[in-house]
Amino acid sequence: MRLTILGGGGFRVPLVYRALLDDPGRAVSEVVLHDTDPRRVAVIAEVLARLAQGHPAPVPVRVADGLDEALEGAGFVFSAIRVGGTAGRIRDERIPLSEGVLGQETVGAGGVLYGLRTIPVALHIAERAAALAPEAWVINFTNPAGMVTEAMSQVLGDRVIGICDSPVGLVRRAARAAGADPAALADPDRAGYDYVGLNHLGWLRSLTLDGTELLPGLLADDAALGSFEEGRLFGGDWLRTLGALPNEYLHYYYFRRETLDSVRDTRETRGEFLDQQQGGFFERAAAAGGPDAVYALWERTRLEREETYMAHSREASGGWQRDSHDLEGGGYDRVALALMHAILGNSGTRLILNVRNGTTVPQLAPDAIVETVCEVSAHGARPLPCAPLREDQLGLMLQVKAVERATVEAALFKDRGAALRALALHPLVDSPAVAARILERAAKEA
């Protein structure tokens, strides 16, 4: 089976390829890379060549000349594009910050701006995939993952599934902190968990192992909470008040003042850091002198990237360093591989995914994309029923979903009113006048 990776020059593509090499199932017979930047994809192909060295049965890699060539004949398509590159991300961050509101890649005004720029390109990909590979499953990595998956689903229906490693990373870290073996989570006869929300806005509300509910004991134990990322981010007092473990990105909502204060006067936004780091990597890699040197450079750069993830939120919550368990996370590569195997093997595996709502959250439209626990088979991912949401959870979900749907509408129809509505209604944007100025400046600087 052919796997196509769109955004094949992306920095994390080697993680996917390494997972494929380590995969005992070996479902993939060829990897096809496509990227709009020939230099980047050439460097990443060299990193993959180094990973394949000495492997008894390496997966062949090919770089496609164009999008149609990459899509034709694909069994799975991983879409991990970045429209506008890191320069676009910098604008998404800096323009809102200049107006005193949060600028972030997927959250707040920055997420809306990124969505407006990305959705038209994602829709074109969906249309070409439907025409050239109608039986392929499209796995969307592209941020903002919820709204991009929602837009693509208008063309592909249930054959597009969004993934994120934040929820599964949270579940694993919570299980370990509660004294359970995270490996047991893979056995549905032993373990269960209730996670529901939108992408980068969800809550782990139950975690059971062998019939025992682990979450209340974990929430009551400050030492255990202090042993993992989300516990340190939110603090025991607030977590006990919520009665749940929030996704790490909810720190922007619950502690908006502290996070904004930590980033408002920053000399370097996350986008600026990545622009310098990755730009430097690709420049040095081009002159590194062989796959071994390029691979070593990639590994050093990757570790630095992971260590500095969400640095401003950590600064706002006490200024601590990520440890090995925090760095482990969920892994896009492992989530994607597990999803692919579950579809091919018709296994009924349970994964947290971004899929059409159906009746999971009755207050949302059936076609709205939610992030929740799904059962995966050859027919795709089916969201499982969940306990009713609390009013505060549902209220935040409804408001942010309205923002996501307005962003899709604005991108589809070039509707300024919908774009203004998306920005002004976001919980992290405090004024329609501010939203209008952000939109005007973004249009000028595009």
# chains A, B, ... in the order shown; residues from 1 in each chain; ligands from 1
call {"tool": "select_by_dssp", "arguments": {"residues": "range 182-341 of chain A", "states": "strand (DSSP E)", "output": "list in words"}}
result
Ala191, Gly192, Tyr193, Asp194, Tyr195, Val196, Gly197, Leu198, Leu201, Gly202, Trp203, Leu204, Arg205, Ser206, Leu207, Thr208, Leu209, Thr212, Glu213, Leu245 and Pro246 of chain A
call {"tool": "residues_around", "arguments": {"residues": "range 427-436 of chain A", "least_positions_apart": "3", "cutoff": "9 Å", "atoms": "only C-alpha atoms", "output": "list in words"}}
result
Pro96, Glu99, Gly100, Val101, Leu102, Val107, Gly108, Ala109, Tyr252, Tyr253, Arg256, Leu396, Gln399, Val400, Leu420, Arg421, Ala422, Leu423, Ala424, Leu439, Glu440 and Arg441 of chain A
call {"tool": "atom_distance", "arguments": {"atom1": "CA of Gly271 in chain A", "atom2": "CA of Ile95 in chain A"}}
result
12.4 Å
call {"tool": "residues_around", "arguments": {"residues": "Val41 in chain A", "least_positions_apart": "6", "cutoff": "7 Å", "atoms": "only C-alpha atoms", "output": "ChimeraX atom specification"}}
result
/A:8-9,35
call {"tool": "residues_around", "arguments": {"residues": "Gly226 in chain A", "least_positions_apart": "5", "cutoff": "9 Å", "atoms": "only C-alpha atoms", "output": "ChimeraX atom specification"}}
result
/A:177,221,231-233,235-236
call {"tool": "closest_atom_pairs", "arguments": {"of": "range 375-418 of chain A", "to": "range 348-355 of chain A", "cutoff": "7 Å", "atoms": "only C-alpha atoms", "output": "tab-separated table"}}
result
residue	atom	partner	partner_atom	distance
A:Glu375	CA	A:Arg350	CA	4.6
A:Val376	CA	A:Gly348	CA	4.8
A:Ser377	CA	A:Gly348	CA	5.0
call {"tool": "residues_around", "arguments": {"residues": "Arg264 in chain A", "least_positions_apart": "3", "cutoff": "7 Å", "atoms": "only C-alpha atoms", "output": "JSON, numbers by chain"}}
result
{"A": [97, 260, 261]}
call {"tool": "residues_around", "arguments": {"residues": "Ala293 in chain A", "least_positions_apart": "4", "cutoff": "10 Å", "atoms": "only C-alpha atoms", "output": "compact mmCIF listing (two decimals) with N, CA and C atoms, in the first residue's frame"}}
result
# COMPACT_ATOMS: atom_id res chain seq x y z
N VAL A 47 17.37 12.63 5.39
CA VAL A 47 17.22 12.10 6.75
C VAL A 47 16.57 10.71 6.69
N ARG A 50 19.03 8.10 5.72
CA ARG A 50 19.89 7.69 6.84
C ARG A 50 19.15 6.73 7.76
N ARG A 284 22.00 24.55 7.37
CA ARG A 284 23.16 23.75 7.77
C ARG A 284 23.12 22.35 7.17
N ALA A 285 21.89 21.80 7.06
CA ALA A 285 21.76 20.45 6.52
C ALA A 285 22.22 20.38 5.07
N ALA A 287 24.62 21.79 3.76
CA ALA A 287 26.08 21.76 3.68
C ALA A 287 26.69 20.78 4.68
N ALA A 288 25.87 19.87 5.21
CA ALA A 288 26.35 19.01 6.30
C ALA A 288 27.28 17.91 5.84
N GLY A 289 27.16 17.49 4.61
CA GLY A 289 28.10 16.49 4.10
C GLY A 289 27.71 15.06 4.38
N LEU A 297 22.12 16.25 12.99
CA LEU A 297 21.65 17.63 13.12
C LEU A 297 20.13 17.65 13.33
N TRP A 298 19.42 16.81 12.61
CA TRP A 298 17.95 16.74 12.76
C TRP A 298 17.58 16.30 14.18
call {"tool": "closest_residue", "arguments": {"among": "A:Gly103, A:Pro385, A:Gly75, A:Gly54", "to": "Ile5 in chain A", "atoms": "only C-alpha atoms"}}
result
A:Gly75
call {"tool": "residues_around", "arguments": {"residues": "Pro246 in chain A", "least_positions_apart": "2", "cutoff": "9 Å", "atoms": "only C-alpha atoms", "output": "list in words"}}
result
Leu170, Leu201, Gly202, Trp203, Leu204, Arg205, Glu230, Phe234, Leu239, Leu242, Ala244, Glu248, Tyr249, Leu250 and His251 of chain A
call {"tool": "closest_atom_pairs", "arguments": {"of": "range 330-432 of chain A", "to": "range 115-129 of chain A", "cutoff": "10 Å", "atoms": "only C-alpha atoms", "output": "JSON lines"}}
result
{"residue": "A:Glu404", "atom": "CA", "partner": "A:Gly115", "partner_atom": "CA", "distance": 8.5}
{"residue": "A:Ala406", "atom": "CA", "partner": "A:Leu116", "partner_atom": "CA", "distance": 9.9}
{"residue": "A:Thr407", "atom": "CA", "partner": "A:Leu116", "partner_atom": "CA", "distance": 6.2}
{"residue": "A:Val408", "atom": "CA", "partner": "A:Ile119", "partner_atom": "CA", "distance": 6.9}
{"residue": "A:Glu409", "atom": "CA", "partner": "A:Leu116", "partner_atom": "CA", "distance": 9.3}
{"residue": "A:Ala410", "atom": "CA", "partner": "A:Leu116", "partner_atom": "CA", "distance": 7.1}
{"residue": "A:Ala411", "atom": "CA", "partner": "A:Leu116", "partner_atom": "CA", "distance": 5.2}
{"residue": "A:Leu412", "atom": "CA", "partner": "A:Pro120", "partner_atom": "CA", "distance": 6.7}
{"residue": "A:Phe413", "atom": "CA", "partner": "A:Pro120", "partner_atom": "CA", "distance": 9.8}
{"residue": "A:Lys414", "atom": "CA", "partner": "A:Leu116", "partner_atom": "CA", "distance": 9.1}
{"residue": "A:Ala419", "atom": "CA", "partner": "A:Leu116", "partner_atom": "CA", "distance": 7.9}
{"residue": "A:Ala422", "atom": "CA", "partner": "A:Leu116", "partner_atom": "CA", "distance": 10.0}
call {"tool": "select_by_dssp", "arguments": {"residues": "range 48-125 of chain A", "states": "helix (DSSP H, G or I)", "output": "PDB file with N, CA, C and O atoms, in the first residue's frame"}}
result
ATOM      1  N   LEU A  48      15.575  10.548   5.837  1.00  0.00           N
ATOM      2  CA  LEU A  48      14.919   9.241   5.711  1.00  0.00           C
ATOM      3  C   LEU A  48      15.884   8.200   5.169  1.00  0.00           C
ATOM      4  O   LEU A  48      15.860   7.033   5.601  1.00  0.00           O
ATOM      5  N   ALA A  49      16.743   8.608   4.244  1.00  0.00           N
ATOM      6  CA  ALA A  49      17.735   7.665   3.704  1.00  0.00           C
ATOM      7  C   ALA A  49      18.667   7.184   4.805  1.00  0.00           C
ATOM      8  O   ALA A  49      19.040   6.000   4.852  1.00  0.00           O
ATOM      9  N   ARG A  50      19.033   8.096   5.719  1.00  0.00           N
ATOM     10  CA  ARG A  50      19.890   7.694   6.840  1.00  0.00           C
ATOM     11  C   ARG A  50      19.152   6.727   7.761  1.00  0.00           C
ATOM     12  O   ARG A  50      19.737   5.738   8.247  1.00  0.00           O
ATOM     13  N   LEU A  51      17.862   6.982   8.027  1.00  0.00           N
ATOM     14  CA  LEU A  51      17.085   6.071   8.862  1.00  0.00           C
ATOM     15  C   LEU A  51      17.000   4.685   8.235  1.00  0.00           C
ATOM     16  O   LEU A  51      16.967   3.674   8.946  1.00  0.00           O
ATOM     17  N   ALA A  52      16.959   4.627   6.914  1.00  0.00           N
ATOM     18  CA  ALA A  52      16.814   3.351   6.224  1.00  0.00           C
ATOM     19  C   ALA A  52      18.119   2.567   6.140  1.00  0.00           C
ATOM     20  O   ALA A  52      18.097   1.354   5.899  1.00  0.00           O
ATOM     21  N   LEU A  67       1.257  17.545  -6.977  1.00  0.00           N
ATOM     22  CA  LEU A  67       0.219  17.039  -6.082  1.00  0.00           C
ATOM     23  C   LEU A  67      -0.527  15.866  -6.696  1.00  0.00           C
ATOM     24  O   LEU A  67      -0.743  14.842  -6.028  1.00  0.00           O
ATOM     25  N   ASP A  68      -0.928  15.965  -7.946  1.00  0.00           N
ATOM     26  CA  ASP A  68      -1.696  14.888  -8.564  1.00  0.00           C
ATOM     27  C   ASP A  68      -0.902  13.593  -8.627  1.00  0.00           C
ATOM     28  O   ASP A  68      -1.439  12.511  -8.358  1.00  0.00           O
ATOM     29  N   GLU A  69       0.375  13.698  -8.975  1.00  0.00           N
ATOM     30  CA  GLU A  69       1.215  12.497  -9.005  1.00  0.00           C
ATOM     31  C   GLU A  69       1.317  11.873  -7.627  1.00  0.00           C
ATOM     32  O   GLU A  69       1.301  10.638  -7.472  1.00  0.00           O
ATOM     33  N   ALA A  70       1.404  12.716  -6.597  1.00  0.00           N
ATOM     34  CA  ALA A  70       1.521  12.209  -5.230  1.00  0.00           C
ATOM     35  C   ALA A  70       0.254  11.493  -4.787  1.00  0.00           C
ATOM     36  O   ALA A  70       0.308  10.489  -4.067  1.00  0.00           O
ATOM     37  N   LEU A  71      -0.908  11.992  -5.199  1.00  0.00           N
ATOM     38  CA  LEU A  71      -2.173  11.442  -4.724  1.00  0.00           C
ATOM     39  C   LEU A  71      -2.603  10.198  -5.481  1.00  0.00           C
ATOM     40  O   LEU A  71      -3.223   9.290  -4.902  1.00  0.00           O
ATOM     41  N   GLY A  85       4.089  29.008   5.469  1.00  0.00           N
ATOM     42  CA  GLY A  85       5.333  28.721   6.173  1.00  0.00           C
ATOM     43  C   GLY A  85       5.402  29.364   7.545  1.00  0.00           C
ATOM     44  O   GLY A  85       4.408  29.852   8.087  1.00  0.00           O
ATOM     45  N   THR A  86       6.591  29.378   8.108  1.00  0.00           N
ATOM     46  CA  THR A  86       6.747  29.976   9.432  1.00  0.00           C
ATOM     47  C   THR A  86       6.599  31.494   9.385  1.00  0.00           C
ATOM     48  O   THR A  86       6.236  32.114  10.396  1.00  0.00           O
ATOM     49  N   ALA A  87       6.823  32.105   8.221  1.00  0.00           N
ATOM     50  CA  ALA A  87       6.604  33.552   8.106  1.00  0.00           C
ATOM     51  C   ALA A  87       5.135  33.883   8.335  1.00  0.00           C
ATOM     52  O   ALA A  87       4.800  34.876   9.001  1.00  0.00           O
ATOM     53  N   GLY A  88       4.233  33.040   7.799  1.00  0.00           N
ATOM     54  CA  GLY A  88       2.812  33.234   8.039  1.00  0.00           C
ATOM     55  C   GLY A  88       2.465  33.050   9.498  1.00  0.00           C
ATOM     56  O   GLY A  88       1.636  33.793  10.058  1.00  0.00           O
ATOM     57  N   ARG A  89       3.086  32.082  10.141  1.00  0.00           N
ATOM     58  CA  ARG A  89       2.819  31.863  11.556  1.00  0.00           C
ATOM     59  C   ARG A  89       3.249  33.074  12.385  1.00  0.00           C
ATOM     60  O   ARG A  89       2.551  33.463  13.329  1.00  0.00           O
ATOM     61  N   ILE A  90       4.369  33.671  12.042  1.00  0.00           N
ATOM     62  CA  ILE A  90       4.834  34.850  12.777  1.00  0.00           C
ATOM     63  C   ILE A  90       3.798  35.967  12.678  1.00  0.00           C
ATOM     64  O   ILE A  90       3.480  36.630  13.682  1.00  0.00           O
ATOM     65  N   ARG A  91       3.255  36.184  11.497  1.00  0.00           N
ATOM     66  CA  ARG A  91       2.225  37.218  11.346  1.00  0.00           C
ATOM     67  C   ARG A  91       0.982  36.876  12.180  1.00  0.00           C
ATOM     68  O   ARG A  91       0.384  37.749  12.818  1.00  0.00           O
ATOM     69  N   ASP A  92       0.603  35.594  12.174  1.00  0.00           N
ATOM     70  CA  ASP A  92      -0.561  35.161  12.962  1.00  0.00           C
ATOM     71  C   ASP A  92      -0.376  35.451  14.448  1.00  0.00           C
ATOM     72  O   ASP A  92      -1.351  35.696  15.169  1.00  0.00           O
ATOM     73  N   GLU A  93       0.855  35.383  14.908  1.00  0.00           N
ATOM     74  CA  GLU A  93       1.143  35.626  16.329  1.00  0.00           C
ATOM     75  C   GLU A  93       1.296  37.116  16.639  1.00  0.00           C
ATOM     76  O   GLU A  93       0.759  37.622  17.629  1.00  0.00           O
ATOM     77  N   ARG A  94       2.032  37.821  15.782  1.00  0.00           N
ATOM     78  CA  ARG A  94       2.390  39.206  16.079  1.00  0.00           C
ATOM     79  C   ARG A  94       1.222  40.179  15.885  1.00  0.00           C
ATOM     80  O   ARG A  94       1.085  41.138  16.643  1.00  0.00           O
ATOM     81  N   ILE A  95       0.392  39.969  14.892  1.00  0.00           N
ATOM     82  CA  ILE A  95      -0.706  40.905  14.645  1.00  0.00           C
ATOM     83  C   ILE A  95      -1.673  40.937  15.829  1.00  0.00           C
ATOM     84  O   ILE A  95      -1.992  42.028  16.336  1.00  0.00           O
ATOM     85  N   PRO A  96      -2.161  39.807  16.331  1.00  0.00           N
ATOM     86  CA  PRO A  96      -3.015  39.891  17.528  1.00  0.00           C
ATOM     87  C   PRO A  96      -2.299  40.476  18.741  1.00  0.00           C
ATOM     88  O   PRO A  96      -2.890  41.256  19.495  1.00  0.00           O
ATOM     89  N   LEU A  97      -1.038  40.103  18.942  1.00  0.00           N
ATOM     90  CA  LEU A  97      -0.306  40.634  20.098  1.00  0.00           C
ATOM     91  C   LEU A  97      -0.210  42.156  20.041  1.00  0.00           C
ATOM     92  O   LEU A  97      -0.229  42.827  21.085  1.00  0.00           O
ATOM     93  N   SER A  98      -0.117  42.713  18.842  1.00  0.00           N
ATOM     94  CA  SER A  98      -0.051  44.171  18.722  1.00  0.00           C
ATOM     95  C   SER A  98      -1.345  44.831  19.166  1.00  0.00           C
ATOM     96  O   SER A  98      -1.365  46.032  19.457  1.00  0.00           O
ATOM     97  N   GLY A 108      -7.275  31.200  19.512  1.00  0.00           N
ATOM     98  CA  GLY A 108      -7.509  32.627  19.477  1.00  0.00           C
ATOM     99  C   GLY A 108      -7.422  33.192  18.076  1.00  0.00           C
ATOM    100  O   GLY A 108      -7.607  32.502  17.071  1.00  0.00           O
ATOM    101  N   ALA A 109      -7.129  34.502  17.999  1.00  0.00           N
ATOM    102  CA  ALA A 109      -7.103  35.183  16.714  1.00  0.00           C
ATOM    103  C   ALA A 109      -6.066  34.574  15.770  1.00  0.00           C
ATOM    104  O   ALA A 109      -6.290  34.477  14.557  1.00  0.00           O
ATOM    105  N   GLY A 110      -4.928  34.157  16.319  1.00  0.00           N
ATOM    106  CA  GLY A 110      -3.904  33.543  15.476  1.00  0.00           C
ATOM    107  C   GLY A 110      -4.391  32.280  14.807  1.00  0.00           C
ATOM    108  O   GLY A 110      -4.103  32.027  13.631  1.00  0.00           O
ATOM    109  N   GLY A 111      -5.156  31.463  15.541  1.00  0.00           N
ATOM    110  CA  GLY A 111      -5.706  30.248  14.963  1.00  0.00           C
ATOM    111  C   GLY A 111      -6.712  30.543  13.860  1.00  0.00           C
ATOM    112  O   GLY A 111      -6.762  29.846  12.841  1.00  0.00           O
ATOM    113  N   VAL A 112      -7.522  31.588  14.049  1.00  0.00           N
ATOM    114  CA  VAL A 112      -8.483  31.975  13.017  1.00  0.00           C
ATOM    115  C   VAL A 112      -7.758  32.432  11.752  1.00  0.00           C
ATOM    116  O   VAL A 112      -8.106  32.034  10.630  1.00  0.00           O
ATOM    117  N   LEU A 113      -6.739  33.275  11.910  1.00  0.00           N
ATOM    118  CA  LEU A 113      -5.979  33.745  10.753  1.00  0.00           C
ATOM    119  C   LEU A 113      -5.330  32.583  10.009  1.00  0.00           C
ATOM    120  O   LEU A 113      -5.326  32.543   8.769  1.00  0.00           O
ATOM    121  N   TYR A 114      -4.783  31.647  10.754  1.00  0.00           N
ATOM    122  CA  TYR A 114      -4.153  30.472  10.125  1.00  0.00           C
ATOM    123  C   TYR A 114      -5.198  29.639   9.386  1.00  0.00           C
ATOM    124  O   TYR A 114      -4.966  29.162   8.266  1.00  0.00           O
ATOM    125  N   GLY A 115      -6.363  29.474   9.990  1.00  0.00           N
ATOM    126  CA  GLY A 115      -7.426  28.732   9.338  1.00  0.00           C
ATOM    127  C   GLY A 115      -7.891  29.391   8.054  1.00  0.00           C
ATOM    128  O   GLY A 115      -8.096  28.723   7.031  1.00  0.00           O
ATOM    129  N   LEU A 116      -8.053  30.712   8.070  1.00  0.00           N
ATOM    130  CA  LEU A 116      -8.485  31.433   6.862  1.00  0.00           C
ATOM    131  C   LEU A 116      -7.499  31.221   5.720  1.00  0.00           C
ATOM    132  O   LEU A 116      -7.906  31.099   4.550  1.00  0.00           O
ATOM    133  N   ARG A 117      -6.227  31.170   6.017  1.00  0.00           N
ATOM    134  CA  ARG A 117      -5.204  30.991   4.999  1.00  0.00           C
ATOM    135  C   ARG A 117      -5.107  29.541   4.526  1.00  0.00           C
ATOM    136  O   ARG A 117      -4.797  29.267   3.358  1.00  0.00           O
ATOM    137  N   THR A 118      -5.376  28.602   5.418  1.00  0.00           N
ATOM    138  CA  THR A 118      -5.108  27.189   5.146  1.00  0.00           C
ATOM    139  C   THR A 118      -6.283  26.466   4.506  1.00  0.00           C
ATOM    140  O   THR A 118      -6.105  25.581   3.655  1.00  0.00           O
ATOM    141  N   ILE A 119      -7.495  26.805   4.884  1.00  0.00           N
ATOM    142  CA  ILE A 119      -8.671  26.046   4.445  1.00  0.00           C
ATOM    143  C   ILE A 119      -8.811  25.983   2.920  1.00  0.00           C
ATOM    144  O   ILE A 119      -9.101  24.895   2.378  1.00  0.00           O
ATOM    145  N   PRO A 120      -8.620  27.080   2.162  1.00  0.00           N
ATOM    146  CA  PRO A 120      -8.740  26.945   0.708  1.00  0.00           C
ATOM    147  C   PRO A 120      -7.772  25.919   0.114  1.00  0.00           C
ATOM    148  O   PRO A 120      -8.128  25.165  -0.797  1.00  0.00           O
ATOM    149  N   VAL A 121      -6.548  25.878   0.629  1.00  0.00           N
ATOM    150  CA  VAL A 121      -5.562  24.911   0.129  1.00  0.00           C
ATOM    151  C   VAL A 121      -5.971  23.491   0.522  1.00  0.00           C
ATOM    152  O   VAL A 121      -5.878  22.551  -0.288  1.00  0.00           O
ATOM    153  N   ALA A 122      -6.439  23.318   1.758  1.00  0.00           N
ATOM    154  CA  ALA A 122      -6.882  22.002   2.218  1.00  0.00           C
ATOM    155  C   ALA A 122      -8.068  21.511   1.408  1.00  0.00           C
ATOM    156  O   ALA A 122      -8.173  20.308   1.096  1.00  0.00           O
ATOM    157  N   LEU A 123      -8.976  22.402   1.038  1.00  0.00           N
ATOM    158  CA  LEU A 123     -10.124  22.009   0.214  1.00  0.00           C
ATOM    159  C   LEU A 123      -9.680  21.565  -1.176  1.00  0.00           C
ATOM    160  O   LEU A 123     -10.227  20.605  -1.734  1.00  0.00           O
ATOM    161  N   HIS A 124      -8.697  22.250  -1.735  1.00  0.00           N
ATOM    162  CA  HIS A 124      -8.162  21.826  -3.040  1.00  0.00           C
ATOM    163  C   HIS A 124      -7.565  20.426  -2.947  1.00  0.00           C
ATOM    164  O   HIS A 124      -7.787  19.581  -3.822  1.00  0.00           O
ATOM    165  N   ILE A 125      -6.831  20.165  -1.874  1.00  0.00           N
ATOM    166  CA  ILE A 125      -6.272  18.825  -1.667  1.00  0.00           C
ATOM    167  C   ILE A 125      -7.393  17.796  -1.575  1.00  0.00           C
ATOM    168  O   ILE A 125      -7.315  16.716  -2.177  1.00  0.00           O
TER     169      ILE A 125
END
call {"tool": "atom_distance", "arguments": {"atom1": "CA of Ala74 in chain A", "atom2": "CA of Ala342 in chain A"}}
result
17.4 Å
call {"tool": "closest_residue", "arguments": {"among": "A:Arg302, A:Arg334, A:His200, A:Arg240", "to": "Pro216 in chain A", "atoms": "only C-alpha atoms"}}
result
A:Arg240
call {"tool": "closest_residue", "arguments": {"among": "A:Asp158, A:Glu272, A:Glu299, A:Asp265", "to": "Pro14 in chain A", "atoms": "only C-alpha atoms"}}
result
A:Glu299
call {"tool": "closest_residue", "arguments": {"among": "A:Pro56, A:Gly217, A:Gly345, A:Gly73", "to": "Val32 in chain A", "atoms": "only C-alpha atoms"}}
result
A:Gly73
call {"tool": "decode", "arguments": {"residues": "range 378-393 of chain A", "atoms": "N, CA and C atoms", "output": "PDB file, in the first residue's frame"}}
result
ATOM      1  N   ALA A 378     -12.694  -1.050   9.555  1.00  0.00           N
ATOM      2  CA  ALA A 378     -12.497  -0.869   8.125  1.00  0.00           C
ATOM      3  C   ALA A 378     -13.422   0.199   7.556  1.00  0.00           C
ATOM      4  N   HIS A 379     -14.467   0.524   8.282  1.00  0.00           N
ATOM      5  CA  HIS A 379     -15.419   1.547   7.830  1.00  0.00           C
ATOM      6  C   HIS A 379     -15.034   2.937   8.306  1.00  0.00           C
ATOM      7  N   GLY A 380     -13.939   3.061   9.041  1.00  0.00           N
ATOM      8  CA  GLY A 380     -13.507   4.356   9.526  1.00  0.00           C
ATOM      9  C   GLY A 380     -13.633   4.477  11.030  1.00  0.00           C
ATOM     10  N   ALA A 381     -13.790   5.700  11.495  1.00  0.00           N
ATOM     11  CA  ALA A 381     -13.810   5.990  12.931  1.00  0.00           C
ATOM     12  C   ALA A 381     -15.217   6.394  13.359  1.00  0.00           C
ATOM     13  N   ARG A 382     -15.750   5.672  14.325  1.00  0.00           N
ATOM     14  CA  ARG A 382     -17.100   5.952  14.833  1.00  0.00           C
ATOM     15  C   ARG A 382     -16.991   6.510  16.247  1.00  0.00           C
ATOM     16  N   PRO A 383     -17.475   7.744  16.471  1.00  0.00           N
ATOM     17  CA  PRO A 383     -17.394   8.301  17.825  1.00  0.00           C
ATOM     18  C   PRO A 383     -18.295   7.536  18.782  1.00  0.00           C
ATOM     19  N   LEU A 384     -17.778   7.277  19.983  1.00  0.00           N
ATOM     20  CA  LEU A 384     -18.535   6.530  20.981  1.00  0.00           C
ATOM     21  C   LEU A 384     -19.392   7.485  21.817  1.00  0.00           C
ATOM     22  N   PRO A 385     -20.474   6.997  22.374  1.00  0.00           N
ATOM     23  CA  PRO A 385     -21.277   7.848  23.263  1.00  0.00           C
ATOM     24  C   PRO A 385     -20.438   8.304  24.453  1.00  0.00           C
ATOM     25  N   CYS A 386     -20.746   9.470  24.959  1.00  0.00           N
ATOM     26  CA  CYS A 386     -20.030   9.976  26.132  1.00  0.00           C
ATOM     27  C   CYS A 386     -21.036  10.533  27.126  1.00  0.00           C
ATOM     28  N   ALA A 387     -20.578  10.709  28.355  1.00  0.00           N
ATOM     29  CA  ALA A 387     -21.430  11.297  29.388  1.00  0.00           C
ATOM     30  C   ALA A 387     -21.759  12.740  29.013  1.00  0.00           C
ATOM     31  N   PRO A 388     -22.888  13.260  29.465  1.00  0.00           N
ATOM     32  CA  PRO A 388     -23.240  14.652  29.163  1.00  0.00           C
ATOM     33  C   PRO A 388     -22.154  15.619  29.625  1.00  0.00           C
ATOM     34  N   LEU A 389     -21.987  16.666  28.857  1.00  0.00           N
ATOM     35  CA  LEU A 389     -21.005  17.687  29.224  1.00  0.00           C
ATOM     36  C   LEU A 389     -21.568  18.600  30.294  1.00  0.00           C
ATOM     37  N   ARG A 390     -20.684  19.066  31.174  1.00  0.00           N
ATOM     38  CA  ARG A 390     -21.087  20.095  32.121  1.00  0.00           C
ATOM     39  C   ARG A 390     -21.358  21.394  31.363  1.00  0.00           C
ATOM     40  N   GLU A 391     -22.109  22.298  31.990  1.00  0.00           N
ATOM     41  CA  GLU A 391     -22.481  23.541  31.315  1.00  0.00           C
ATOM     42  C   GLU A 391     -21.264  24.363  30.901  1.00  0.00           C
ATOM     43  N   ASP A 392     -20.242  24.421  31.765  1.00  0.00           N
ATOM     44  CA  ASP A 392     -19.062  25.209  31.413  1.00  0.00           C
ATOM     45  C   ASP A 392     -18.317  24.598  30.235  1.00  0.00           C
ATOM     46  N   GLN A 393     -18.238  23.260  30.194  1.00  0.00           N
ATOM     47  CA  GLN A 393     -17.572  22.596  29.078  1.00  0.00           C
ATOM     48  C   GLN A 393     -18.357  22.804  27.790  1.00  0.00           C
TER      49      GLN A 393
END
